[in-house]
Amino acid sequence: MIKLLEKITPTESLKFLHRVVDGLCGRSYPRRIEYGEAWSLTEFGELTNSLSKFFTVAVGRKCSDQEVQELLGDLDSAHAAVVLQCVHARQEEIRLSLVDRTNGISSTQLQDFNWQIKLALSSDKLSSLNTPLLNLSLDMKENGLQRAVNIEMNKEELQTLISTLEAANKSYS
């Protein structure tokens with residue numbers, strides 16, 4: 001479907017591609033009225049969707065220039081160069097948009113955290129405790145609302161948390 005881009009000049013294509021990236025990044029997509037004589041309604045929709053998917057794949061997979069050329073298939077060299085130029089110019093913006101979209105999947109997101117180490121010298125049951133405690137404050141955003149979560153952990157609970165986070169990090173890498 002990206003081959004439909006050849007129906008307009010490379011200069012017009014560059015403007016069109018930037019408008020598609022604008023749409024992908026949360027701003028307005030190009031309007032068909034601006035390109036009505038170049039494509040039918042179906043072609044316009046298919047091209048816009050194909051280009052959105054193309055930019056998502058090319059940036060999401062961190063494709064090299066060669067891989068981008070392969071994704072473009074048999075698109076003529078002038079239009080392929082314009083697409084590559086747009087990918088280079090807007091790569092970071094597209095990546096940030098993809099990250100935001102991925103983060104938005106979860107309804108709860110960590111906004112900030114703070115921690116403190118305390119030494120509990122005694123309690124109501126023991127006169128001499130001398131136990132180190134970690135106070136972890138998490139600022140969470142859930143469905144647009146901020147809420148604070150405070151957790152107090154002893155040394156063993158902290159070690160369990162650290163082990164769990166390290167395991168999660170290893171599985172991510």
# chains A, B, ... in the order shown; residues from 1 in each chain; ligands from 1
$ closest_atom_pairs --of "region 40-150 of chain A" --to "region 6-29 of chain A" --cutoff "10 Å" --atoms "only C-alpha atoms" --output "tab-separated table"
residue	atom	partner	partner_atom	distance
A:Leu47	CA	A:Val20	CA	9.7
A:Thr48	CA	A:Val20	CA	6.6
A:Asn49	CA	A:Val20	CA	8.9
A:Leu51	CA	A:Val20	CA	7.2
A:Ser52	CA	A:Leu24	CA	6.4
A:Lys53	CA	A:Leu24	CA	9.3
A:Phe55	CA	A:Val21	CA	7.7
A:Thr56	CA	A:Leu24	CA	8.5
A:Leu75	CA	A:Glu6	CA	7.6
A:Asp76	CA	A:Glu6	CA	7.5
A:Ser77	CA	A:Pro10	CA	9.8
A:Ala78	CA	A:Pro10	CA	6.4
A:His79	CA	A:Pro10	CA	5.3
A:Ala80	CA	A:Pro10	CA	8.9
A:Ala81	CA	A:Pro10	CA	8.7
A:Val82	CA	A:Leu14	CA	5.9
A:Val83	CA	A:Leu14	CA	7.1
A:Leu84	CA	A:Leu14	CA	9.9
A:Gln85	CA	A:Leu14	CA	8.3
A:Cys86	CA	A:His18	CA	6.7
A:Val87	CA	A:Val21	CA	9.0
A:Ala89	CA	A:His18	CA	9.3
A:Arg90	CA	A:Val21	CA	7.6
A:Gln91	CA	A:Val21	CA	9.5
A:Glu93	CA	A:Cys25	CA	7.2
A:Ile94	CA	A:Cys25	CA	6.3
A:Arg95	CA	A:Cys25	CA	9.1
A:Leu96	CA	A:Cys25	CA	8.3
A:Ser97	CA	A:Cys25	CA	5.3
A:Leu98	CA	A:Cys25	CA	8.1
A:Asp100	CA	A:Cys25	CA	9.5
A:Arg101	CA	A:Cys25	CA	9.4
$ select_by_dssp --residues "region 40-111 of chain A" --states "strand (DSSP E or B)" --output "list in words"
Thr108, Gln109, Leu110 and Gln111 of chain A
$ residues_around --residues "region 143-156 of chain A" --least-positions-apart "5" --cutoff "12 Å" --atoms "only C-alpha atoms" --output "mmCIF file with all heavy atoms, in the first residue's frame"
data_model
loop_
_atom_site.group_PDB
_atom_site.id
_atom_site.type_symbol
_atom_site.label_atom_id
_atom_site.label_comp_id
_atom_site.auth_asym_id
_atom_site.auth_seq_id
_atom_site.Cartn_x
_atom_site.Cartn_y
_atom_site.Cartn_z
ATOM 1 N N GLY A 104 0.401 3.639 28.637
ATOM 2 C CA GLY A 104 -1.022 3.862 28.833
ATOM 3 C C GLY A 104 -1.843 2.592 28.915
ATOM 4 O O GLY A 104 -3.013 2.621 29.287
ATOM 5 N N ILE A 105 -1.233 1.456 28.588
ATOM 6 C CA ILE A 105 -1.958 0.182 28.644
ATOM 7 C C ILE A 105 -2.366 -0.127 30.078
ATOM 8 O O ILE A 105 -3.460 -0.586 30.347
ATOM 9 C CB ILE A 105 -1.098 -0.960 28.059
ATOM 10 C CG1 ILE A 105 -0.936 -0.758 26.551
ATOM 11 C CG2 ILE A 105 -1.710 -2.316 28.359
ATOM 12 C CD1 ILE A 105 0.041 -1.715 25.899
ATOM 13 N N SER A 106 -1.471 0.141 31.018
ATOM 14 C CA SER A 106 -1.763 -0.101 32.427
ATOM 15 C C SER A 106 -2.522 1.083 32.994
ATOM 16 O O SER A 106 -2.210 2.224 32.696
ATOM 17 C CB SER A 106 -0.455 -0.293 33.201
ATOM 18 O OG SER A 106 -0.721 -0.361 34.578
ATOM 19 N N SER A 107 -3.499 0.815 33.816
ATOM 20 C CA SER A 107 -4.272 1.906 34.392
ATOM 21 C C SER A 107 -3.526 2.587 35.537
ATOM 22 O O SER A 107 -3.841 3.705 35.909
ATOM 23 C CB SER A 107 -5.629 1.403 34.880
ATOM 24 O OG SER A 107 -5.443 0.464 35.917
ATOM 25 N N THR A 108 -2.518 1.921 36.108
ATOM 26 C CA THR A 108 -1.744 2.495 37.200
ATOM 27 C C THR A 108 -0.300 2.660 36.755
ATOM 28 O O THR A 108 0.301 1.727 36.222
ATOM 29 C CB THR A 108 -1.795 1.599 38.446
ATOM 30 O OG1 THR A 108 -3.159 1.392 38.804
ATOM 31 C CG2 THR A 108 -1.053 2.208 39.606
ATOM 32 N N GLN A 109 0.236 3.866 36.995
ATOM 33 C CA GLN A 109 1.614 4.154 36.611
ATOM 34 C C GLN A 109 2.348 4.785 37.781
ATOM 35 O O GLN A 109 1.778 5.590 38.521
ATOM 36 C CB GLN A 109 1.649 5.125 35.434
ATOM 37 C CG GLN A 109 0.977 4.593 34.192
ATOM 38 C CD GLN A 109 0.848 5.663 33.121
ATOM 39 O OE1 GLN A 109 1.216 6.803 33.321
ATOM 40 N NE2 GLN A 109 0.329 5.277 31.983
ATOM 41 N N LEU A 110 3.610 4.442 37.941
ATOM 42 C CA LEU A 110 4.454 5.034 38.964
ATOM 43 C C LEU A 110 4.921 6.397 38.469
ATOM 44 O O LEU A 110 5.527 6.503 37.408
ATOM 45 C CB LEU A 110 5.660 4.134 39.257
ATOM 46 C CG LEU A 110 6.681 4.662 40.258
ATOM 47 C CD1 LEU A 110 6.044 4.780 41.644
ATOM 48 C CD2 LEU A 110 7.894 3.747 40.304
ATOM 49 N N GLN A 111 4.630 7.438 39.221
ATOM 50 C CA GLN A 111 5.034 8.794 38.845
ATOM 51 C C GLN A 111 6.353 9.182 39.503
ATOM 52 O O GLN A 111 7.206 9.796 38.885
ATOM 53 C CB GLN A 111 3.951 9.811 39.246
ATOM 54 C CG GLN A 111 2.626 9.610 38.549
ATOM 55 C CD GLN A 111 2.730 9.827 37.062
ATOM 56 O OE1 GLN A 111 3.155 10.874 36.611
ATOM 57 N NE2 GLN A 111 2.346 8.828 36.291
ATOM 58 N N ASP A 112 6.506 8.823 40.782
ATOM 59 C CA ASP A 112 7.705 9.191 41.530
ATOM 60 C C ASP A 112 7.815 8.289 42.757
ATOM 61 O O ASP A 112 6.838 7.631 43.140
ATOM 62 C CB ASP A 112 7.618 10.663 41.966
ATOM 63 C CG ASP A 112 8.964 11.243 42.368
ATOM 64 O OD1 ASP A 112 10.007 10.598 42.135
ATOM 65 O OD2 ASP A 112 8.962 12.354 42.934
ATOM 66 N N PHE A 113 8.983 8.248 43.349
ATOM 67 C CA PHE A 113 9.152 7.498 44.588
ATOM 68 C C PHE A 113 10.160 8.201 45.477
ATOM 69 O O PHE A 113 10.959 9.015 45.026
ATOM 70 C CB PHE A 113 9.577 6.043 44.316
ATOM 71 C CG PHE A 113 10.988 5.914 43.816
ATOM 72 C CD1 PHE A 113 12.025 5.664 44.697
ATOM 73 C CD2 PHE A 113 11.275 6.046 42.467
ATOM 74 C CE1 PHE A 113 13.322 5.551 44.244
ATOM 75 C CE2 PHE A 113 12.563 5.930 42.005
ATOM 76 C CZ PHE A 113 13.602 5.681 42.886
ATOM 77 N N ASN A 114 10.109 7.869 46.747
ATOM 78 C CA ASN A 114 11.034 8.405 47.726
ATOM 79 C C ASN A 114 11.252 7.318 48.772
ATOM 80 O O ASN A 114 10.355 6.523 49.038
ATOM 81 C CB ASN A 114 10.467 9.679 48.368
ATOM 82 C CG ASN A 114 11.524 10.478 49.102
ATOM 83 O OD1 ASN A 114 12.708 10.147 49.075
ATOM 84 N ND2 ASN A 114 11.085 11.520 49.780
ATOM 85 N N TRP A 115 12.423 7.277 49.356
ATOM 86 C CA TRP A 115 12.679 6.273 50.376
ATOM 87 C C TRP A 115 13.446 6.882 51.546
ATOM 88 O O TRP A 115 14.155 7.871 51.396
ATOM 89 C CB TRP A 115 13.414 5.069 49.812
ATOM 90 C CG TRP A 115 14.749 5.398 49.189
ATOM 91 C CD1 TRP A 115 14.978 5.802 47.913
ATOM 92 C CD2 TRP A 115 16.023 5.353 49.833
ATOM 93 N NE1 TRP A 115 16.314 6.007 47.719
ATOM 94 C CE2 TRP A 115 16.983 5.745 48.883
ATOM 95 C CE3 TRP A 115 16.449 5.038 51.115
ATOM 96 C CZ2 TRP A 115 18.338 5.816 49.163
ATOM 97 C CZ3 TRP A 115 17.805 5.106 51.404
ATOM 98 C CH2 TRP A 115 18.730 5.479 50.433
ATOM 99 N N GLN A 116 13.279 6.249 52.717
ATOM 100 C CA GLN A 116 13.964 6.652 53.937
ATOM 101 C C GLN A 116 14.335 5.398 54.711
ATOM 102 O O GLN A 116 13.580 4.424 54.736
ATOM 103 C CB GLN A 116 13.062 7.494 54.834
ATOM 104 C CG GLN A 116 12.655 8.822 54.279
ATOM 105 C CD GLN A 116 11.685 9.528 55.233
ATOM 106 O OE1 GLN A 116 10.995 8.903 56.015
ATOM 107 N NE2 GLN A 116 11.649 10.847 55.130
ATOM 108 N N ILE A 117 15.482 5.451 55.337
ATOM 109 C CA ILE A 117 15.892 4.371 56.235
ATOM 110 C C ILE A 117 15.682 4.864 57.666
ATOM 111 O O ILE A 117 16.085 5.973 58.016
ATOM 112 C CB ILE A 117 17.379 4.000 56.036
ATOM 113 C CG1 ILE A 117 17.638 3.509 54.618
ATOM 114 C CG2 ILE A 117 17.833 2.979 57.074
ATOM 115 C CD1 ILE A 117 17.065 2.154 54.319
ATOM 116 N N LYS A 118 15.052 4.026 58.468
ATOM 117 C CA LYS A 118 14.801 4.374 59.872
ATOM 118 C C LYS A 118 15.346 3.250 60.751
ATOM 119 O O LYS A 118 15.418 2.102 60.315
ATOM 120 C CB LYS A 118 13.302 4.538 60.128
ATOM 121 C CG LYS A 118 12.666 5.658 59.334
ATOM 122 C CD LYS A 118 11.187 5.730 59.613
ATOM 123 C CE LYS A 118 10.558 6.855 58.828
ATOM 124 N NZ LYS A 118 9.127 6.967 59.062
ATOM 125 N N LEU A 119 15.685 3.606 61.937
ATOM 126 C CA LEU A 119 16.130 2.605 62.896
ATOM 127 C C LEU A 119 15.134 2.594 64.052
ATOM 128 O O LEU A 119 15.019 3.561 64.809
ATOM 129 C CB LEU A 119 17.537 2.924 63.405
ATOM 130 C CG LEU A 119 18.141 1.925 64.370
ATOM 131 C CD1 LEU A 119 18.279 0.548 63.717
ATOM 132 C CD2 LEU A 119 19.497 2.415 64.862
ATOM 133 N N ALA A 120 14.370 1.494 64.151
ATOM 134 C CA ALA A 120 13.403 1.345 65.242
ATOM 135 C C ALA A 120 14.172 0.894 66.478
ATOM 136 O O ALA A 120 14.715 -0.211 66.519
ATOM 137 C CB ALA A 120 12.331 0.340 64.858
ATOM 138 N N ASN A 130 16.229 -2.185 67.914
ATOM 139 C CA ASN A 130 17.344 -1.892 67.008
ATOM 140 C C ASN A 130 17.197 -2.552 65.641
ATOM 141 O O ASN A 130 18.094 -3.239 65.163
ATOM 142 C CB ASN A 130 18.683 -2.280 67.628
ATOM 143 C CG ASN A 130 19.055 -1.378 68.765
ATOM 144 O OD1 ASN A 130 18.637 -0.225 68.811
ATOM 145 N ND2 ASN A 130 19.826 -1.902 69.712
ATOM 146 N N THR A 131 16.050 -2.355 64.999
ATOM 147 C CA THR A 131 15.771 -2.944 63.690
ATOM 148 C C THR A 131 15.734 -1.852 62.610
ATOM 149 O O THR A 131 14.982 -0.889 62.738
ATOM 150 C CB THR A 131 14.403 -3.665 63.703
ATOM 151 O OG1 THR A 131 14.417 -4.631 64.743
ATOM 152 C CG2 THR A 131 14.104 -4.328 62.385
ATOM 153 N N PRO A 132 16.550 -2.006 61.554
ATOM 154 C CA PRO A 132 16.469 -1.023 60.459
ATOM 155 C C PRO A 132 15.194 -1.260 59.642
ATOM 156 O O PRO A 132 14.813 -2.398 59.366
ATOM 157 C CB PRO A 132 17.720 -1.297 59.627
ATOM 158 C CG PRO A 132 18.115 -2.689 59.947
ATOM 159 C CD PRO A 132 17.592 -2.987 61.333
ATOM 160 N N LEU A 133 14.534 -0.178 59.283
ATOM 161 C CA LEU A 133 13.305 -0.253 58.486
ATOM 162 C C LEU A 133 13.418 0.677 57.284
ATOM 163 O O LEU A 133 13.964 1.777 57.396
ATOM 164 C CB LEU A 133 12.089 0.148 59.325
ATOM 165 C CG LEU A 133 11.766 -0.720 60.535
ATOM 166 C CD1 LEU A 133 10.669 -0.065 61.362
ATOM 167 C CD2 LEU A 133 11.349 -2.109 60.097
ATOM 168 N N LEU A 134 12.883 0.249 56.172
ATOM 169 C CA LEU A 134 12.831 1.089 54.972
ATOM 170 C C LEU A 134 11.403 1.609 54.831
ATOM 171 O O LEU A 134 10.449 0.833 54.872
ATOM 172 C CB LEU A 134 13.197 0.292 53.712
ATOM 173 C CG LEU A 134 12.981 1.044 52.408
ATOM 174 C CD1 LEU A 134 14.089 2.044 52.169
ATOM 175 C CD2 LEU A 134 12.867 0.096 51.243
ATOM 176 N N ASN A 135 11.264 2.902 54.674
ATOM 177 C CA ASN A 135 9.963 3.499 54.390
ATOM 178 C C ASN A 135 9.985 3.918 52.920
ATOM 179 O O ASN A 135 10.737 4.815 52.535
ATOM 180 C CB ASN A 135 9.706 4.703 55.308
ATOM 181 C CG ASN A 135 8.312 5.239 55.146
ATOM 182 O OD1 ASN A 135 7.422 4.541 54.668
ATOM 183 N ND2 ASN A 135 8.108 6.472 55.540
ATOM 184 N N LEU A 136 9.182 3.277 52.102
ATOM 185 C CA LEU A 136 9.127 3.536 50.658
ATOM 186 C C LEU A 136 7.812 4.233 50.337
ATOM 187 O O LEU A 136 6.741 3.712 50.637
ATOM 188 C CB LEU A 136 9.226 2.208 49.889
ATOM 189 C CG LEU A 136 9.217 2.263 48.374
ATOM 190 C CD1 LEU A 136 10.410 3.041 47.853
ATOM 191 C CD2 LEU A 136 9.222 0.845 47.803
ATOM 192 N N SER A 137 7.908 5.425 49.747
ATOM 193 C CA SER A 137 6.713 6.192 49.366
ATOM 194 C C SER A 137 6.615 6.189 47.845
ATOM 195 O O SER A 137 7.534 6.631 47.154
ATOM 196 C CB SER A 137 6.810 7.639 49.861
ATOM 197 O OG SER A 137 6.878 7.673 51.247
ATOM 198 N N LEU A 138 5.509 5.689 47.330
ATOM 199 C CA LEU A 138 5.277 5.624 45.888
ATOM 200 C C LEU A 138 4.159 6.586 45.517
ATOM 201 O O LEU A 138 3.083 6.539 46.102
ATOM 202 C CB LEU A 138 4.882 4.206 45.469
ATOM 203 C CG LEU A 138 5.843 3.084 45.862
ATOM 204 C CD1 LEU A 138 5.241 1.730 45.515
ATOM 205 C CD2 LEU A 138 7.181 3.269 45.181
ATOM 206 N N LEU A 161 12.089 -7.931 47.904
ATOM 207 C CA LEU A 161 11.698 -6.964 46.871
ATOM 208 C C LEU A 161 12.818 -6.777 45.855
ATOM 209 O O LEU A 161 12.584 -6.800 44.638
ATOM 210 C CB LEU A 161 11.324 -5.620 47.505
ATOM 211 C CG LEU A 161 11.029 -4.481 46.523
ATOM 212 C CD1 LEU A 161 9.781 -4.782 45.700
ATOM 213 C CD2 LEU A 161 10.895 -3.155 47.262
ATOM 214 N N ILE A 162 14.038 -6.606 46.332
ATOM 215 C CA ILE A 162 15.187 -6.415 45.436
ATOM 216 C C ILE A 162 15.377 -7.634 44.549
ATOM 217 O O ILE A 162 15.588 -7.508 43.337
ATOM 218 C CB ILE A 162 16.462 -6.093 46.250
ATOM 219 C CG1 ILE A 162 16.338 -4.707 46.876
ATOM 220 C CG2 ILE A 162 17.697 -6.161 45.353
ATOM 221 C CD1 ILE A 162 17.440 -4.377 47.870
ATOM 222 N N SER A 163 15.287 -8.827 45.098
ATOM 223 C CA SER A 163 15.432 -10.063 44.305
ATOM 224 C C SER A 163 14.366 -10.163 43.226
ATOM 225 O O SER A 163 14.646 -10.538 42.089
ATOM 226 C CB SER A 163 15.364 -11.287 45.209
ATOM 227 O OG SER A 163 16.398 -11.263 46.147
#
$ select_by_dssp --residues "region 13-54 of chain A" --states "alpha helix (DSSP H)" --output "CSV table (one decimal) with N, CA and C atoms, in the first residue's frame"
chain,number,residue,atom,x,y,z
A,13,SER,N,5.0,14.4,-0.8
A,13,SER,CA,5.1,13.2,0.0
A,13,SER,C,5.7,13.5,1.4
A,14,LEU,N,6.7,14.3,1.4
A,14,LEU,CA,7.4,14.6,2.7
A,14,LEU,C,6.4,15.3,3.6
A,15,LYS,N,5.7,16.3,3.1
A,15,LYS,CA,4.7,17.0,3.9
A,15,LYS,C,3.6,16.0,4.4
A,16,PHE,N,3.2,15.1,3.5
A,16,PHE,CA,2.1,14.1,3.9
A,16,PHE,C,2.7,13.2,5.0
A,17,LEU,N,3.9,12.7,4.8
A,17,LEU,CA,4.5,11.8,5.8
A,17,LEU,C,4.6,12.5,7.2
A,18,HIS,N,5.0,13.7,7.2
A,18,HIS,CA,5.1,14.4,8.5
A,18,HIS,C,3.7,14.6,9.1
A,19,ARG,N,2.7,14.7,8.3
A,19,ARG,CA,1.3,14.8,8.8
A,19,ARG,C,0.9,13.5,9.4
A,20,VAL,N,1.3,12.4,8.7
A,20,VAL,CA,0.9,11.1,9.3
A,20,VAL,C,1.6,10.9,10.6
A,21,VAL,N,2.9,11.3,10.7
A,21,VAL,CA,3.6,11.1,12.0
A,21,VAL,C,3.0,12.0,13.0
A,22,ASP,N,2.5,13.2,12.7
A,22,ASP,CA,1.8,14.1,13.6
A,22,ASP,C,0.6,13.3,14.2
A,23,GLY,N,-0.1,12.6,13.3
A,23,GLY,CA,-1.3,11.8,13.8
A,23,GLY,C,-0.9,10.7,14.7
A,24,LEU,N,0.2,10.1,14.3
A,24,LEU,CA,0.7,8.9,15.1
A,24,LEU,C,1.1,9.4,16.5
A,41,LEU,N,-11.0,7.5,-1.5
A,41,LEU,CA,-11.2,7.5,0.0
A,41,LEU,C,-10.6,6.2,0.5
A,42,THR,N,-10.8,5.1,-0.2
A,42,THR,CA,-10.2,3.8,0.3
A,42,THR,C,-8.7,3.8,0.2
A,43,GLU,N,-8.2,4.3,-0.9
A,43,GLU,CA,-6.7,4.4,-1.0
A,43,GLU,C,-6.1,5.3,0.1
A,44,PHE,N,-6.8,6.4,0.4
A,44,PHE,CA,-6.3,7.3,1.4
A,44,PHE,C,-6.2,6.7,2.8
A,45,GLY,N,-7.3,6.0,3.1
A,45,GLY,CA,-7.4,5.3,4.4
A,45,GLY,C,-6.3,4.2,4.5
A,46,GLU,N,-6.2,3.4,3.4
A,46,GLU,CA,-5.2,2.3,3.4
A,46,GLU,C,-3.8,2.9,3.5
A,47,LEU,N,-3.5,3.9,2.8
A,47,LEU,CA,-2.1,4.5,2.8
A,47,LEU,C,-1.8,5.1,4.2
A,48,THR,N,-2.7,5.8,4.8
A,48,THR,CA,-2.5,6.4,6.1
A,48,THR,C,-2.3,5.3,7.1
A,49,ASN,N,-3.1,4.2,7.1
A,49,ASN,CA,-2.9,3.1,8.0
A,49,ASN,C,-1.6,2.4,7.8
A,50,SER,N,-1.3,2.1,6.5
A,50,SER,CA,0.0,1.5,6.2
A,50,SER,C,1.2,2.3,6.6
A,51,LEU,N,1.2,3.6,6.4
A,51,LEU,CA,2.3,4.4,6.8
A,51,LEU,C,2.4,4.5,8.4
A,52,SER,N,1.3,4.5,9.1
A,52,SER,CA,1.3,4.5,10.5
A,52,SER,C,1.9,3.2,11.0
A,53,LYS,N,1.5,2.1,10.5
A,53,LYS,CA,2.1,0.8,10.8
A,53,LYS,C,3.6,0.7,10.5
A,54,PHE,N,3.9,1.3,9.3
A,54,PHE,CA,5.3,1.3,8.9
A,54,PHE,C,6.2,2.1,9.9
$ closest_residue --among "A:Asp74, A:Glu157, A:Glu92, A:Glu142" --to "Ile2 (chain A)" --atoms "only C-alpha atoms"
A:Asp74
